[in-house]
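What follows is the content of upload28.pdb (PDB, C-alpha atoms, pLDDT in the B column).
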```pdb
MODEL        1
ATOM      1  CA  MET I  25      13.377  41.812 -39.510  1.00 58.00           C
ATOM      2  CA  SER I  26      13.344  45.039 -37.666  1.00 65.00           C
ATOM      3  CA  GLN I  27      11.257  46.246 -34.756  1.00 63.00           C
ATOM      4  CA  PRO I  28       8.314  48.520 -35.593  1.00 78.00           C
ATOM      5  CA  VAL I  29       9.469  51.013 -32.956  1.00 77.00           C
ATOM      6  CA  PRO I  30      13.172  51.569 -32.277  1.00 72.00           C
ATOM      7  CA  PRO I  31      14.327  50.985 -28.655  1.00 67.00           C
ATOM      8  CA  PRO I  32      14.886  54.059 -26.497  1.00 69.00           C
ATOM      9  CA  PRO I  33      18.463  55.339 -26.569  1.00 70.00           C
ATOM     10  CA  GLY I  34      20.800  54.831 -23.637  1.00 68.00           C
ATOM     11  CA  ASN I  35      21.018  52.504 -20.658  1.00 68.00           C
ATOM     12  CA  PRO I  36      17.621  51.776 -19.017  1.00 65.00           C
ATOM     13  CA  PHE I  37      19.342  51.322 -15.644  1.00 62.00           C
ATOM     14  CA  ALA I  38      21.354  54.544 -15.777  1.00 63.00           C
ATOM     15  CA  GLY I  39      18.984  56.355 -13.396  1.00 64.00           C
ATOM     16  CA  GLY I  40      20.061  54.106 -10.503  1.00 62.00           C
ATOM     17  CA  ALA I  41      17.292  51.561 -10.940  1.00 62.00           C
ATOM     18  CA  ALA I  42      18.702  48.087 -10.503  1.00 64.00           C
ATOM     19  CA  PRO I  43      17.123  45.025 -12.042  1.00 64.00           C
ATOM     20  CA  GLU I  44      14.939  42.957  -9.722  1.00 71.00           C
ATOM     21  CA  PRO I  45      16.765  39.909  -8.369  1.00 74.00           C
ATOM     22  CA  TYR I  46      15.550  36.457  -9.216  1.00 75.00           C
ATOM     23  CA  PRO I  47      13.326  34.865  -6.553  1.00 81.00           C
ATOM     24  CA  MET I  48      14.965  32.384  -4.197  1.00 81.00           C
ATOM     25  CA  ALA I  49      14.770  28.746  -5.194  1.00 83.00           C
ATOM     26  CA  PRO I  50      12.469  26.686  -3.000  1.00 84.00           C
ATOM     27  CA  PRO I  51      14.202  24.449  -0.484  1.00 81.00           C
ATOM     28  CA  PRO I  52      14.712  20.864  -1.614  1.00 74.00           C
ATOM     29  CA  ALA I  53      12.121  18.314  -0.635  1.00 66.00           C
ATOM     30  CA  PRO I  54      12.941  16.489   2.584  1.00 63.00           C
ATOM     31  CA  VAL I  55      14.607  13.151   2.138  1.00 59.00           C
ATOM     32  CA  ARG I  56      12.303  10.328   3.110  1.00 64.00           C
ATOM     33  CA  ASP I  57      14.672   7.476   3.786  1.00 77.00           C
ATOM     34  CA  ASN I  58      13.450   6.076   7.075  1.00 87.00           C
ATOM     35  CA  VAL I  59      13.360   2.305   6.797  1.00 91.00           C
ATOM     36  CA  GLY I  60      11.997   1.693  10.286  1.00 93.00           C
ATOM     37  CA  LEU I  61       9.121   4.096   9.864  1.00 93.00           C
ATOM     38  CA  GLY I  62       8.364   2.681   6.407  1.00 94.00           C
ATOM     39  CA  LEU I  63       8.253  -0.859   7.778  1.00 95.00           C
ATOM     40  CA  LEU I  64       6.001   0.236  10.628  1.00 96.00           C
ATOM     41  CA  ALA I  65       3.644   1.994   8.205  1.00 95.00           C
ATOM     42  CA  ALA I  66       3.555  -1.104   5.985  1.00 96.00           C
ATOM     43  CA  LEU I  67       2.804  -3.337   8.978  1.00 97.00           C
ATOM     44  CA  VAL I  68      -0.019  -1.125  10.207  1.00 97.00           C
ATOM     45  CA  ALA I  69      -1.442  -0.813   6.681  1.00 97.00           C
ATOM     46  CA  GLY I  70      -1.243  -4.589   6.294  1.00 97.00           C
ATOM     47  CA  LEU I  71      -3.073  -5.258   9.547  1.00 97.00           C
ATOM     48  CA  VAL I  72      -5.808  -2.730   8.810  1.00 97.00           C
ATOM     49  CA  ALA I  73      -6.260  -3.675   5.145  1.00 97.00           C
ATOM     50  CA  GLY I  74      -6.115  -7.412   5.939  1.00 96.00           C
ATOM     51  CA  GLY I  75      -8.750  -6.999   8.650  1.00 96.00           C
ATOM     52  CA  ILE I  76     -11.046  -5.052   6.351  1.00 96.00           C
ATOM     53  CA  TYR I  77     -10.481  -7.588   3.571  1.00 96.00           C
ATOM     54  CA  GLY I  78     -11.385 -10.422   5.946  1.00 95.00           C
ATOM     55  CA  ALA I  79     -14.471  -8.654   7.266  1.00 94.00           C
ATOM     56  CA  VAL I  80     -15.755  -8.034   3.742  1.00 94.00           C
ATOM     57  CA  MET I  81     -14.871 -11.562   2.660  1.00 93.00           C
ATOM     58  CA  GLY I  82     -16.684 -13.031   5.659  1.00 92.00           C
ATOM     59  CA  GLY I  83     -19.646 -10.727   5.211  1.00 91.00           C
ATOM     60  CA  ILE I  84     -20.313 -11.755   1.609  1.00 91.00           C
ATOM     61  CA  GLU I  85     -18.966 -15.298   2.119  1.00 86.00           C
ATOM     62  CA  ARG I  86     -16.735 -15.194  -0.949  1.00 87.00           C
ATOM     63  CA  GLU I  87     -13.052 -14.724  -1.651  1.00 84.00           C
ATOM     64  CA  ILE I  88     -12.427 -11.484  -3.521  1.00 85.00           C
ATOM     65  CA  GLY I  89      -9.260 -11.650  -5.578  1.00 84.00           C
ATOM     66  CA  TRP I  90      -9.028  -8.029  -6.642  1.00 88.00           C
ATOM     67  CA  ALA I  91      -9.407  -6.942  -3.013  1.00 93.00           C
ATOM     68  CA  ALA I  92      -6.349  -9.041  -2.152  1.00 93.00           C
ATOM     69  CA  ILE I  93      -4.448  -7.085  -4.789  1.00 94.00           C
ATOM     70  CA  GLY I  94      -5.721  -3.887  -3.161  1.00 95.00           C
ATOM     71  CA  VAL I  95      -4.344  -5.052   0.194  1.00 97.00           C
ATOM     72  CA  GLY I  96      -0.933  -5.502  -1.383  1.00 97.00           C
ATOM     73  CA  PHE I  97      -1.141  -2.123  -3.070  1.00 97.00           C
ATOM     74  CA  LEU I  98      -1.979  -0.362   0.207  1.00 97.00           C
ATOM     75  CA  VAL I  99       0.900  -2.055   2.020  1.00 97.00           C
ATOM     76  CA  GLY I 100       3.375  -1.018  -0.671  1.00 96.00           C
ATOM     77  CA  LEU I 101       1.971   2.493  -0.908  1.00 96.00           C
ATOM     78  CA  ALA I 102       2.359   3.029   2.831  1.00 95.00           C
ATOM     79  CA  ALA I 103       5.921   1.678   2.814  1.00 95.00           C
ATOM     80  CA  GLY I 104       7.005   3.799  -0.133  1.00 94.00           C
ATOM     81  CA  LYS I 105       5.338   7.040   0.916  1.00 93.00           C
ATOM     82  CA  VAL I 106       6.600   6.925   4.494  1.00 92.00           C
ATOM     83  CA  GLY I 107       9.901   5.075   4.093  1.00 91.00           C
ATOM     84  CA  GLY I 108      11.231   6.546   0.867  1.00 87.00           C
ATOM     85  CA  ARG I 109      13.501   4.943  -1.709  1.00 88.00           C
ATOM     86  CA  ASN I 110      15.261   2.370   0.403  1.00 90.00           C
ATOM     87  CA  PRO I 111      15.604  -0.871  -1.606  1.00 90.00           C
ATOM     88  CA  VAL I 112      14.577  -2.978   1.400  1.00 93.00           C
ATOM     89  CA  LEU I 113      11.058  -1.534   1.483  1.00 94.00           C
ATOM     90  CA  PRO I 114       9.636  -3.042  -1.736  1.00 96.00           C
ATOM     91  CA  ILE I 115      10.800  -6.513  -0.725  1.00 96.00           C
ATOM     92  CA  ALA I 116       9.583  -6.124   2.850  1.00 97.00           C
ATOM     93  CA  SER I 117       6.231  -4.775   1.704  1.00 97.00           C
ATOM     94  CA  ALA I 118       5.782  -7.754  -0.618  1.00 97.00           C
ATOM     95  CA  VAL I 119       6.448 -10.139   2.273  1.00 97.00           C
ATOM     96  CA  LEU I 120       4.156  -8.184   4.607  1.00 97.00           C
ATOM     97  CA  SER I 121       1.385  -8.227   1.998  1.00 97.00           C
ATOM     98  CA  LEU I 122       1.576 -12.031   1.886  1.00 96.00           C
ATOM     99  CA  GLY I 123       0.916 -12.119   5.609  1.00 96.00           C
ATOM    100  CA  ALA I 124      -1.790  -9.463   5.381  1.00 97.00           C
ATOM    101  CA  VAL I 125      -3.764 -11.365   2.738  1.00 96.00           C
ATOM    102  CA  TYR I 126      -3.377 -14.616   4.680  1.00 95.00           C
ATOM    103  CA  LEU I 127      -4.552 -12.862   7.846  1.00 95.00           C
ATOM    104  CA  GLY I 128      -7.493 -11.409   5.947  1.00 95.00           C
ATOM    105  CA  GLN I 129      -8.498 -14.826   4.679  1.00 94.00           C
ATOM    106  CA  LEU I 130      -8.340 -16.250   8.196  1.00 95.00           C
ATOM    107  CA  VAL I 131     -10.466 -13.363   9.483  1.00 95.00           C
ATOM    108  CA  GLY I 132     -12.949 -14.026   6.677  1.00 94.00           C
ATOM    109  CA  ILE I 133     -13.240 -17.682   7.613  1.00 94.00           C
ATOM    110  CA  ALA I 134     -13.645 -16.720  11.286  1.00 95.00           C
ATOM    111  CA  VAL I 135     -16.469 -14.332  10.402  1.00 95.00           C
ATOM    112  CA  MET I 136     -18.223 -17.015   8.334  1.00 93.00           C
ATOM    113  CA  VAL I 137     -17.901 -19.587  11.138  1.00 93.00           C
ATOM    114  CA  ALA I 138     -19.065 -17.059  13.717  1.00 94.00           C
ATOM    115  CA  LYS I 139     -22.175 -16.265  11.663  1.00 93.00           C
ATOM    116  CA  GLU I 140     -22.904 -19.952  11.319  1.00 92.00           C
ATOM    117  CA  LEU I 141     -22.462 -20.749  15.030  1.00 92.00           C
ATOM    118  CA  ASN I 142     -23.892 -17.424  16.247  1.00 93.00           C
ATOM    119  CA  ILE I 143     -20.814 -16.548  18.338  1.00 93.00           C
ATOM    120  CA  SER I 144     -18.189 -13.799  18.230  1.00 92.00           C
ATOM    121  CA  ALA I 145     -15.715 -13.821  15.346  1.00 92.00           C
ATOM    122  CA  THR I 146     -13.013 -12.691  17.766  1.00 92.00           C
ATOM    123  CA  ASP I 147     -13.603 -15.788  19.900  1.00 93.00           C
ATOM    124  CA  VAL I 148     -13.348 -18.005  16.834  1.00 93.00           C
ATOM    125  CA  PHE I 149     -10.164 -16.279  15.670  1.00 93.00           C
ATOM    126  CA  LEU I 150      -8.386 -16.295  19.036  1.00 93.00           C
ATOM    127  CA  ASN I 151      -9.642 -19.521  20.635  1.00 93.00           C
ATOM    128  CA  GLU I 152      -9.955 -21.796  17.594  1.00 91.00           C
ATOM    129  CA  PHE I 153      -6.918 -20.738  15.563  1.00 93.00           C
ATOM    130  CA  GLY I 154      -5.813 -24.332  14.832  1.00 93.00           C
ATOM    131  CA  PRO I 155      -9.115 -25.434  13.278  1.00 93.00           C
ATOM    132  CA  LEU I 156      -9.247 -22.069  11.495  1.00 94.00           C
ATOM    133  CA  THR I 157      -5.938 -22.705   9.722  1.00 94.00           C
ATOM    134  CA  GLU I 158      -7.072 -26.256   8.922  1.00 95.00           C
ATOM    135  CA  ALA I 159     -10.218 -24.822   7.306  1.00 93.00           C
ATOM    136  CA  TRP I 160      -8.005 -22.461   5.261  1.00 92.00           C
ATOM    137  CA  ASN I 161      -5.848 -25.423   4.166  1.00 94.00           C
ATOM    138  CA  GLU I 162      -8.929 -27.355   3.032  1.00 94.00           C
ATOM    139  CA  GLY I 163     -10.347 -24.403   1.105  1.00 90.00           C
ATOM    140  CA  LYS I 164      -7.204 -23.202  -0.658  1.00 91.00           C
ATOM    141  CA  ASP I 165      -6.824 -23.652  -4.389  1.00 91.00           C
ATOM    142  CA  ALA I 166      -4.652 -22.337  -7.211  1.00 92.00           C
ATOM    143  CA  MET I 167      -6.587 -19.044  -7.356  1.00 90.00           C
ATOM    144  CA  THR I 168      -5.841 -18.427  -3.673  1.00 91.00           C
ATOM    145  CA  PHE I 169      -2.125 -18.578  -4.342  1.00 93.00           C
ATOM    146  CA  LEU I 170      -2.447 -16.573  -7.546  1.00 93.00           C
ATOM    147  CA  PHE I 171      -4.100 -13.675  -5.748  1.00 91.00           C
ATOM    148  CA  ILE I 172      -1.615 -13.861  -2.878  1.00 94.00           C
ATOM    149  CA  ALA I 173       1.212 -13.656  -5.424  1.00 96.00           C
ATOM    150  CA  LEU I 174      -0.497 -10.763  -7.239  1.00 95.00           C
ATOM    151  CA  ALA I 175      -0.866  -8.960  -3.910  1.00 96.00           C
ATOM    152  CA  ALA I 176       2.880  -9.317  -3.321  1.00 97.00           C
ATOM    153  CA  PHE I 177       3.591  -8.001  -6.824  1.00 97.00           C
ATOM    154  CA  ALA I 178       1.250  -5.058  -6.259  1.00 97.00           C
ATOM    155  CA  ALA I 179       2.973  -4.266  -2.957  1.00 97.00           C
ATOM    156  CA  PHE I 180       6.416  -4.386  -4.550  1.00 97.00           C
ATOM    157  CA  SER I 181       5.342  -2.163  -7.458  1.00 96.00           C
ATOM    158  CA  ALA I 182       3.502   0.338  -5.272  1.00 96.00           C
ATOM    159  CA  ALA I 183       6.463   0.674  -2.919  1.00 95.00           C
ATOM    160  CA  LYS I 184       8.844   1.316  -5.824  1.00 93.00           C
ATOM    161  CA  LYS I 185       6.592   3.834  -7.582  1.00 93.00           C
ATOM    162  CA  SER I 186       5.341   5.742  -4.554  1.00 90.00           C
ATOM    163  CA  ALA I 187       8.857   6.432  -3.312  1.00 78.00           C
ATOM    164  CA  ARG I 188       9.712   8.600  -6.332  1.00 70.00           C
TER     165      ARG I 188
ENDMDL
END
```
Please render this file's structure as structure tokens.
Amino acid sequence: MSQPVPPPPGNPFAGGAAPEPYPMAPPPAPVRDNVGLGLLAALVAGLVAGGIYGAVMGGIEREIGWAAIGVGFLVGLAAGKVGGRNPVLPIASAVLSLGAVYLGQLVGIAVMVAKELNISATDVFLNEFGPLTEAWNEGKDAMTFLFIALAAFAAFSAAKKSAR
């Protein structure tokens, strides 16, 4: 096929006009491979999310399984976003999420006991930690461990995917 209008004769740049240069490539994204900062972010996220999980659990007086998975997800997300692609972070975030969910369950039991006895939940948590863990041992079942395991899986997955 031919063009409907023939091109103009000669060199278009003969008059001294140079072609415009290509724009500069953007600088590469900064490398996020800080294991220490990723672990710190995962720890802080675990403490905050576990505390919120426990407060909600104690407020409604029920264990919420999907919220435990959310705790794990937040721990892994914080580790991956801040720490980068280091292979230690998914494993560490899974372990930290186990502790965060356990802490949240203890906080939930402390809130329930505090409401029952009309005292501070902080006093129950700090002064009666032994009986608190015994109450957790009496109340645990297969679903408790299932949701703790799912929280660890969610933390591992979130840390792997958010680091990309």
**Report entry** Who sits within 12 Å of Thr168 in chain I, all atoms listed in the file, same chain under 3 positions skipped, as JSON, numbers by chain
**Finding:** {"I": [86, 87, 88, 89, 90, 92, 93, 122, 125, 126, 129, 160, 161, 162, 163, 164, 165, 171, 172, 173, 174, 175]}
**Report entry** Residues returned when the PyMOL selection byres ((chain I and resi 123) around 10) runs on this file, as a list in words
**Finding:** Leu67, Gly70, Leu71, Gly74, Gly96, Ser117, Ala118, Val119, Leu120, Ser121, Leu122, Ala124, Val125, Tyr126, Leu127, Gly128, Gln129, Ile172 and Ala176 of chain I
Requested in this report: Could you expand the PyMOL selection byres ((chain I and resi 58) around 9) into the explicit residues it covers here, written as a list in words?
Outcome: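 Applying the PyMOL selection byres ((chain I and resi 58) around 9) to the structure shown produces Val55, Arg56, Asp57, Val59, Gly60, Leu61, Gly62, Leu63, Val106, Gly107, Gly108, Arg109 and Asn110 of chain I.
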Query raised in the report: What does the distance from CA of Met136 in chain I to CA of Gly83 in chain I come to in Å, to one decimal?
Result: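 CA of Met136 in chain I sits 7.2 Å away from CA of Gly83 in chain I.
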**Report entry** Selected residue of minimal separation from Ala65 in chain I among I:Met48, I:Ala145, I:Leu130, I:Leu113, counting all atoms listed in the file
**Finding:**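 Nearest to Ala65 in chain I: I:Leu113.
With all atoms listed in the file as the atoms that count, the residue of I:Ala159, I:Ala69, I:Ala116, I:Leu141 with the shortest distance to Val95 in chain I is I:Ala69.
Straight-line separation from CA of Ala166 in chain I to CA of Pro114 in chain I: 24.6 Å.
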Report task. Run through the PyMOL selection byres ((chain I and resi 146) around 12) on the given coordinates and return the selected residues as an MDAnalysis selection string. Result -> chainID I and resid 75 79 130:139 142:145 147:153 156
Requested in this report: May I ask which of the residues I:Val29, I:Lys105, I:Phe169, I:Ile115 is the closest one to Ser186 in chain I, counting all atoms listed in the file?
Outcome: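 Residue with the minimum atom-to-atom distance to Ser186 in chain I: I:Lys105.
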